[in-house]
Amino acid sequence: MLDIIKVIILGIVEGITEWLPVSSTGHLILVGDFLAPGMSDAFMEMFNVVIQLGAIMAVVVLYFHKLNPFSPKKTQRQKMLTWQMWIKVLIASVPAGVVGLLFDDVLDRLFYKPLPVAVMLIVYGILFIVVENHNAGKKPGVTKISELTVRMLLWIGFFQMLALIPGTSRSGATIVGALIIGVSREVAAEFTFFLAIPAMFGASLLKLAKFGFAFTAEEFGLLLLGCLVSFGLSIVAIKFLMGYIKKNDFKIFGYYRIVLGALILLVSLVSAIAA
């Protein structure tokens with residue numbers, strides 16, 4: 001029963017933080033260390049990634065019409081634009097896909113720890129504030145996904161690649177990258193949602209392949225529960241974010257990241273002194 005409660009908490013954390021630019025993986029690592037579920041380290045490492053499948057399904061459900069190139073409700077031009085959008089998503093996915101396949105084990109070993117998470121939280125928190133201040137009062141150059149060029153897509157893909165380091169935030173990194181090149185907040189956020197679909201499916205399959213599919217009944221149940229909870233909370237988080245950025249910028253998330261990162265560093269320092 002205790003592990004069920006802990007998994008529900010982790011699902012809530014994933015659902016809320018996956019789409020807000022505050023690093024879901026970073027929060028899962030930190031909350032997981034605090035809760036210490038009674039599962040193996042290998043299972044929890046896999047769980048922290050595969051639980052994102054629930055969050056991804058929230059995007060598919062909310063944007064199904066926009067994502068579906070076969071919709072009978074779309075004109076031929078709309079279907080063509082949908083296919084073009086998917087091609088753009090795949091182009092932007094290349095950098096993170098290549099680096100993730102080649103260096104997944106190295107990144108896990110080096111960065112899945114509280115200290116790197118804290119540093120990346122602070123670095124990208126500062127970036128959010130700097131970029132938003134720089135863009136203040138400027139009209140965005142890109143207000144539709146169809147206006148994204150190949151060069152822009154690779155730039156956004158480069159930032160998504162940087163998010164392979166926990167604490168960076170995949171959504172946070174890609175949004176920052178998009179804002180730097182003049183993409184509107186709404187388009188940056190929405191394209192980030194779509195970009196997450198191949199990225200998270202790929203990362204989840206990779207983790208599942210490494211863990212193996214020989215789940216115990218308890219492990220499978222906990223993983224399914226975590227995905228379901230993250231799905232429900234993701235629906236709420238996505239709707240909140242899209243409503244919020246229509247009237248506000250991303251600086252509040254930057255301040256949150258800096259405060260959280262500083263607290264983690266403080267706790268780590270106190271723990272080191274006490275030890």
# chains A, B, ... in the order shown; residues from 1 in each chain; ligands from 1
$ closest_atom_pairs --of "region 167-269 of chain A" --to "region 102-109 of chain A" --cutoff "12 Å" --atoms "only C-alpha atoms" --output "Markdown table"
| residue | atom | partner | partner_atom | distance |
| --- | --- | --- | --- | --- |
| A:Gly202 | CA | A:Asp104 | CA | 11.8 |
| A:Ala203 | CA | A:Asp104 | CA | 9.2 |
| A:Ser204 | CA | A:Asp104 | CA | 11.9 |
| A:Leu206 | CA | A:Asp104 | CA | 9.0 |
| A:Lys207 | CA | A:Asp104 | CA | 9.3 |
| A:Lys210 | CA | A:Asp105 | CA | 10.0 |
$ write_last_selection --atoms "C-alpha atoms" --output "PDB file, in the first residue's frame"
ATOM      1  CA  GLY A 202      11.771   6.465 -28.182  1.00  0.00           C
ATOM      2  CA  ALA A 203      13.234   7.032 -24.708  1.00  0.00           C
ATOM      3  CA  SER A 204      10.612   4.755 -23.137  1.00  0.00           C
ATOM      4  CA  LEU A 206      14.988   2.253 -25.014  1.00  0.00           C
ATOM      5  CA  LYS A 207      14.577   2.043 -21.237  1.00  0.00           C
ATOM      6  CA  LYS A 210      17.399  -2.250 -21.329  1.00  0.00           C
TER       7      LYS A 210
END
$ residues_around --residues "Glu45 (chain A)" --least-positions-apart "2" --cutoff "10 Å" --atoms "only C-alpha atoms" --output "JSON, numbers by chain"
{"A": [28, 29, 32, 40, 41, 42, 43, 47, 48, 49, 50, 108, 112, 207, 211]}
$ closest_atom_pairs --of "region 36-77 of chain A" --to "region 239-255 of chain A" --cutoff "12 Å" --atoms "only C-alpha atoms" --output "JSON lines"
{"residue": "A:Ala58", "atom": "CA", "partner": "A:Lys239", "partner_atom": "CA", "distance": 10.4}
{"residue": "A:Val59", "atom": "CA", "partner": "A:Lys239", "partner_atom": "CA", "distance": 10.3}
{"residue": "A:Leu62", "atom": "CA", "partner": "A:Lys239", "partner_atom": "CA", "distance": 9.0}
{"residue": "A:Tyr63", "atom": "CA", "partner": "A:Lys239", "partner_atom": "CA", "distance": 11.2}
$ select_by_dssp --residues "region 104-233 of chain A" --states "alpha helix (DSSP H)" --output "MDAnalysis selection string"
chainID A and resid 104:111 114:135 150:162 170:180 185:211 217:233
$ closest_residue --among "A:Glu14, A:Ile258, A:Ile264, A:Ala196" --to "Leu228 (chain A)" --atoms "only C-alpha atoms"
A:Glu14
$ atom_distance --atom1 "CA of Ala136 (chain A)" --atom2 "CA of Gly177 (chain A)"
15.9 Å
$ residues_around --residues "Ile4 (chain A)" --least-positions-apart "4" --cutoff "12 Å" --atoms "only C-alpha atoms" --output "ChimeraX atom specification"
/A:8-11,35,37-39,218-226,229
$ closest_residue --among "A:Ile56, A:Leu195, A:Ile145, A:Ala217" --to "Val183 (chain A)" --atoms "only C-alpha atoms"
A:Ile145
$ closest_residue --among "A:Asn68, A:Ala209, A:Ile180, A:Lys79" --to "Pro140 (chain A)" --atoms "only C-alpha atoms"
A:Ile180
$ closest_residue --among "A:Leu115, A:Ile12, A:Ala173, A:Val270" --to "Val131 (chain A)" --atoms "only C-alpha atoms"
A:Ala173
$ residues_around --residues "Leu148 (chain A)" --least-positions-apart "3" --cutoff "12 Å" --atoms "only C-alpha atoms" --output "ChimeraX atom specification"
/A:84-85,87-89,91-92,141-145,151-156,178,181-184,187-188,191
$ write_last_selection --atoms "C-alpha atoms" --output "short mmCIF file (atom, residue, chain, number, x, y, z; two decimals), in the first residue's frame"
data_model
loop_
_atom_site.label_atom_id
_atom_site.label_comp_id
_atom_site.auth_asym_id
_atom_site.auth_seq_id
_atom_site.Cartn_x
_atom_site.Cartn_y
_atom_site.Cartn_z
CA GLN A 84 4.47 18.73 -43.09
CA MET A 85 4.18 19.31 -39.34
CA ILE A 87 8.10 15.98 -40.95
CA LYS A 88 9.18 19.07 -39.01
CA VAL A 89 8.79 17.14 -35.74
CA ILE A 91 13.65 16.72 -38.31
CA ALA A 92 13.81 18.44 -34.92
CA GLY A 141 8.77 36.41 -36.06
CA VAL A 142 7.13 32.97 -36.10
CA THR A 143 3.47 32.64 -35.15
CA LYS A 144 2.66 29.33 -36.89
CA ILE A 145 4.36 25.93 -36.88
CA ARG A 151 17.43 25.70 -39.74
CA MET A 152 15.03 26.68 -36.95
CA LEU A 153 13.98 23.04 -36.47
CA LEU A 154 17.60 21.89 -36.06
CA TRP A 155 18.23 24.73 -33.60
CA ILE A 156 15.21 23.65 -31.51
CA ALA A 178 12.45 28.54 -29.80
CA ILE A 181 15.00 32.59 -32.52
CA GLY A 182 11.79 34.62 -32.30
CA VAL A 183 9.10 31.94 -32.08
CA SER A 184 5.93 32.98 -30.23
CA VAL A 187 3.92 28.04 -30.96
CA ALA A 188 7.01 27.24 -28.88
CA PHE A 191 5.58 22.45 -30.93
#
$ closest_residue --among "A:Leu266, A:Ile197, A:Leu208, A:Val22" --to "Val176 (chain A)" --atoms "only C-alpha atoms"
A:Val22
$ closest_residue --among "A:Met46, A:Lys74, A:Phe111, A:Pro69" --to "Phe213 (chain A)" --atoms "only C-alpha atoms"
A:Met46
$ residues_around --residues "Ile175 (chain A)" --least-positions-apart "3" --cutoff "7 Å" --atoms "only C-alpha atoms" --output "PyMOL selection string"
chain A and resi 171-172+178-179+188-189+192
$ atom_distance --atom1 "CA of Gly167 (chain A)" --atom2 "CA of Pro21 (chain A)"
10.0 Å
$ residues_around --residues "Leu162 (chain A)" --least-positions-apart "3" --cutoff "8 Å" --atoms "only C-alpha atoms" --output "PyMOL selection string"
chain A and resi 96+158-159+165+168+173
$ write_last_selection --atoms "N, CA and C atoms" --output "compact mmCIF listing (two decimals), in the first residue's frame"
# COMPACT_ATOMS: atom_id res chain seq x y z
N ALA A 96 18.56 14.88 -30.66
CA ALA A 96 18.37 14.18 -29.39
C ALA A 96 18.31 12.68 -29.61
N PHE A 158 18.55 20.92 -31.32
CA PHE A 158 19.80 21.00 -30.55
C PHE A 158 19.49 21.26 -29.08
N PHE A 159 18.54 22.14 -28.81
CA PHE A 159 18.19 22.43 -27.43
C PHE A 159 17.49 21.23 -26.77
N ILE A 165 20.25 15.94 -20.31
CA ILE A 165 20.82 16.08 -18.97
C ILE A 165 19.69 16.40 -18.00
N THR A 168 17.47 19.84 -16.84
CA THR A 168 17.37 20.81 -17.92
C THR A 168 15.91 21.09 -18.25
N ALA A 173 13.97 23.41 -22.30
CA ALA A 173 15.07 23.63 -23.24
C ALA A 173 14.56 23.98 -24.63
